[in-house]
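Presented below is the structure to which this report refers.
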Amino acid sequence: MNSIRTQLLTSTLVAFVMACLTGAVRAQPPDVQPMFDAGDFAGATAALEQRLAEAPDDADARLALGVTTFLSGIEEFAQTMHRYGLRDVTRLGMGMPFMNVPVRRNPNPEAVSADDVVAMLERFEEALGEVDAILEPIGDADAHMPLRIGTVRMDLNGDGELTDDESLWRFFASITQPQRRWQPEPDPEADARIREQAESFVLGLDTADAYWLRGYCHVMSGLTDLVLAYDGTELFERTGHLFFERVESPYAFLTHQGDPDQWDANVFFDAIALVHLINQPLRDAERMPAARQHFVTMIEMSRKSWRAILAETDDDNEWVPGPLQSGVIGIDLSQEQIDAWMGFLDEAEALLTGEKLLPFWRGDDDALGVNLRRVFDEPTRMDLVLWVQGTAAAPYLEQGNLTEPDFWRRLNADFGRNFPGFAFWIN
């Protein structure tokens with residue numbers, strides 16, 4: 001009898017273990033890396049959506065789908081920029097949001113209007129919202145996704161072909177090394193080094209990175225809302241040729257000049273006109289408070305991301321490392337820098353909610369400041385020159401608790417006097 005009971009117990013235990021192992025195999029999300037390497041984001045999306053339809057709580061699959069949707073949105077945005085003939089603005093010394101997309105020159109671009117640019121930005125923000133909605137259900141659940149970014153291909157010009165210039169690695173390299181973005185001739189030695197690095201460069205994405213990506217989407221959405229809140233039609237018609245090859249404008253003579261990528265007198269005058277024309281009426285006032293909320297949400301996502309990072313016990317190819325981890329991109333962060341970043345989040349939130357004021361740069365009243373919350377929530381015409389002069393700030397001036405300039409100086413020093421670069425990365 002004991003022998004029978006032993007056999008039954010053993011059989012039950014084996015069946016239980018096998019069931020667990022089988023379930024573990026089934027729980028694995030589809031491997032989308034080969035699809036990424038083939039530039040097949042549509043295929044990856046379909047496979048991951050099918051997996052989530054079968055297992056809605058699969059955090060790994062949800063993280064992978066969020067990353068896929070983000071990359072697909074970037075690809076779509078780049079293709080639109082290429083279709084409209086984006087110029088190389090880096091040679092003009094213009095590092096502007098949305099204009100530093102690494103696409104090659106289009107020899108036969110479509111004409112682009114101010115309305116086309118608005119539609120392009122609206123679609124981009126929609127894609128960012130899709131990413132956030134996909135990732136939100138992950139919450140604090142344990143999620144993982146290895147990503148070999150160096151072999152991911154993107155069809156940035158929409159010609160249906162995948163070239164070495166259209167790898168994800170090159171996309172990020174062009175952001176960090178803009179001088180190589182529009183390089184007319186290939187550099188075989190540099191290409192070989194990049195290709196070698198790409199094969200071994202793997203990100204170990206996890207829950208913290210899901211929060212990071214959500215925060216990044218909110219930053220970009222906030223910037224998009226800032227642009228779309230105002231009517232930039234006149235600015236585009238008079239200076240859009242600085243950015244695109246064929247602009248629909250009543251001033252056709254503006255495009256008839258020398259080399260458009262060289263800084264000459266005409267470009268100088270156009271740049272002055274661009275600054276002068278950042279004097280725009282409101283187009284959609286509701287986008288200003290929406291932008292502020294995006295920035296506030298970014299702060300929330302960053303805090304959650306860092307809470308997850310500091311709770312990690314592994315060291316798995318970290319995109320943003322904790323103080324006891326190593327960053328896969330070769331940059332580590334100290335606890336002092338992390339503390340400084342958390343202080344920045346507190347200070348930025350206080351400014352965005354109106355608890356603290358920006359010191360006013362005119363007059364002799366040291367207690368007078370600009371309520372940044374009201375700038376967003378009670379928007380008026382945007383006149384850059386009058387803001388610099390100070391009179392545009394008059395409706396938002398208050399007596400109150402000011403942010404200390406020393407705080408920002410210390411913050412920059414904590415990050416080797418490169419806080420903007422670290423902020424772009426850390427988010």
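Just remember, in the structure tokens the first chain shown is A, the second B, etc., residues are 1-based per chain, and ligands are 1-based in the order shown.
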Set the distance at 9 Å and use only C-alpha atoms: which residues neighbour Gln389 of chain A once local chain neighbours fewer than 5 positions away are removed? I'd like the list as a ChimeraX atom specification. /A:361-362,384
Would you put the residues from that selection into a file with N, CA and C atoms, as a tab-separated table (two decimals), in the first residue's frame?
chain	number	residue	atom	x	y	z
A	361	TRP	N	13.50	88.47	-14.52
A	361	TRP	CA	14.81	88.96	-14.91
A	361	TRP	C	14.85	90.48	-15.11
A	362	ARG	N	13.74	91.18	-14.79
A	362	ARG	CA	13.73	92.63	-14.92
A	362	ARG	C	13.34	93.26	-13.59
A	384	LEU	N	8.17	85.72	-28.76
A	384	LEU	CA	9.47	85.38	-28.17
A	384	LEU	C	10.26	86.61	-27.78
Write out as a list in words the residues lying within 9 Å of Tyr251 of chain A, counting only C-alpha atoms and excluding same-chain residues fewer than 4 positions away.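 Surrounding residues, per the criterion: Glu237, Arg238 and Thr255 of chain A.
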Residue contacts of segment 34-37 of chain A (10 Å, only C-alpha atoms) excluding same-chain residues fewer than 5 positions away, as a VMD selection string: chain A and resid 42 to 45 47 68 71 147 to 154 162 167 to 168
Taking only C-alpha atoms into account, name the residue in A:Ala114, A:Ala367, A:Ala394, A:Leu324 that is nearest to Glu312 of chain A. A:Leu324
List the neighbours of segment 293-295 of chain A out to 7 Å using only C-alpha atoms; skip same-chain residues closer than 3 positions along the sequence, and give me the result as a VMD selection string. chain A and resid 218 to 219 221 to 222 289 to 290 298 to 299
Those same residues - C-alpha atoms - I'd like them written as a short mmCIF file (atom, residue, chain, number, x, y, z; two decimals), in the first residue's frame.
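The result, written out as again22.cif:
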data_model
loop_
_atom_site.label_atom_id
_atom_site.label_comp_id
_atom_site.auth_asym_id
_atom_site.auth_seq_id
_atom_site.Cartn_x
_atom_site.Cartn_y
_atom_site.Cartn_z
CA HIS A 218 4.98 62.24 -22.53
CA VAL A 219 7.95 64.60 -23.00
CA SER A 221 3.86 64.74 -26.60
CA GLY A 222 4.25 67.84 -24.44
CA PRO A 289 -2.54 72.88 -20.28
CA ALA A 290 -2.33 69.46 -21.98
CA MET A 298 6.80 62.61 -17.20
CA ILE A 299 7.96 63.47 -13.69
#
Can you pull out every residue within 12 Å of Glu126 of chain A, counting only C-alpha atoms, but drop anything in the same chain fewer than 2 positions away, and send it as a list in words? Thr69, Phe70, Gly73, Ile74, Glu76, Phe77, Ala119, Met120, Leu121, Glu122, Arg123, Phe124, Leu128, Gly129, Glu130, Val131, Asp132, Ala133, Cys217, His218, Met220, Ser221, Thr224 and Asp225 of chain A
Please produce an output containing C-alpha atoms for each residue in the selection, written as a PDB file, in the first residue's frame.
ATOM      1  CA  THR A  69       4.868  50.497 -31.563  1.00  0.00           C
ATOM      2  CA  PHE A  70       7.398  53.169 -30.580  1.00  0.00           C
ATOM      3  CA  GLY A  73       6.017  55.405 -34.959  1.00  0.00           C
ATOM      4  CA  ILE A  74       9.566  56.723 -35.314  1.00  0.00           C
ATOM      5  CA  GLU A  76       6.583  56.487 -39.895  1.00  0.00           C
ATOM      6  CA  PHE A  77       7.621  59.977 -38.775  1.00  0.00           C
ATOM      7  CA  ALA A 119      -1.046  66.678 -39.630  1.00  0.00           C
ATOM      8  CA  MET A 120       2.378  65.036 -39.374  1.00  0.00           C
ATOM      9  CA  LEU A 121       2.850  66.184 -35.779  1.00  0.00           C
ATOM     10  CA  GLU A 122      -0.685  65.187 -34.826  1.00  0.00           C
ATOM     11  CA  ARG A 123      -0.088  61.675 -36.149  1.00  0.00           C
ATOM     12  CA  PHE A 124       3.238  61.480 -34.297  1.00  0.00           C
ATOM     13  CA  LEU A 128       3.153  58.265 -28.786  1.00  0.00           C
ATOM     14  CA  GLY A 129      -0.205  57.999 -27.048  1.00  0.00           C
ATOM     15  CA  GLU A 130      -0.615  54.473 -28.399  1.00  0.00           C
ATOM     16  CA  VAL A 131       2.727  53.479 -26.861  1.00  0.00           C
ATOM     17  CA  ASP A 132       1.751  54.887 -23.468  1.00  0.00           C
ATOM     18  CA  ALA A 133      -1.623  53.115 -23.546  1.00  0.00           C
ATOM     19  CA  CYS A 217       6.523  59.653 -24.847  1.00  0.00           C
ATOM     20  CA  HIS A 218       4.984  62.242 -22.530  1.00  0.00           C
ATOM     21  CA  MET A 220       7.641  64.371 -26.778  1.00  0.00           C
ATOM     22  CA  SER A 221       3.857  64.742 -26.597  1.00  0.00           C
ATOM     23  CA  THR A 224       4.269  68.542 -29.769  1.00  0.00           C
ATOM     24  CA  ASP A 225       1.417  70.252 -27.938  1.00  0.00           C
TER      25      ASP A 225
END
Contacts of segment 338-351 of chain A at 8 Å or less, counting only C-alpha atoms, minus same-chain residues fewer than 3 places along, as a ChimeraX atom specification? /A:296,299,303,323,333-335,354-358,371-373,403,411,414
For Ala208 of chain A, which residue out of A:Asp115, A:Glu286, A:Glu318, A:Asp366 is the nearest one, using only C-alpha atoms?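 Using only C-alpha atoms, Ala208 of chain A sits closest to A:Glu318.
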If you run DSSP on the backbone here, which positions in segment 255-396 of chain A get helix (DSSP H, G or I)? Please write them as a ChimeraX atom specification. /A:255,265-276,287-311,335-352,372-377,384-389,391-396
So that I can see what lies close to Gln28 of chain A, please list as a PyMOL selection string the residues with an atom at most 9 Å from it, counting only C-alpha atoms and leaving out residues fewer than 6 positions away in the same chain. chain A and resi 58+60-61
Residues as selected, C-alpha atoms, written as a PDB file, in the first residue's frame, can you do that?
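Saved the output as selection-v7.pdb:
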ATOM      1  CA  ASP A  58       1.934  38.769 -20.251  1.00  0.00           C
ATOM      2  CA  ASP A  60       6.976  40.681 -21.383  1.00  0.00           C
ATOM      3  CA  ALA A  61       4.793  40.672 -24.500  1.00  0.00           C
TER       4      ALA A  61
END
Please compute the atom CA of Arg214 of chain A-atom CA of Asp142 of chain A distance, one decimal, in Å.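 Rounded to one decimal, the two atoms are 16.0 Å apart.
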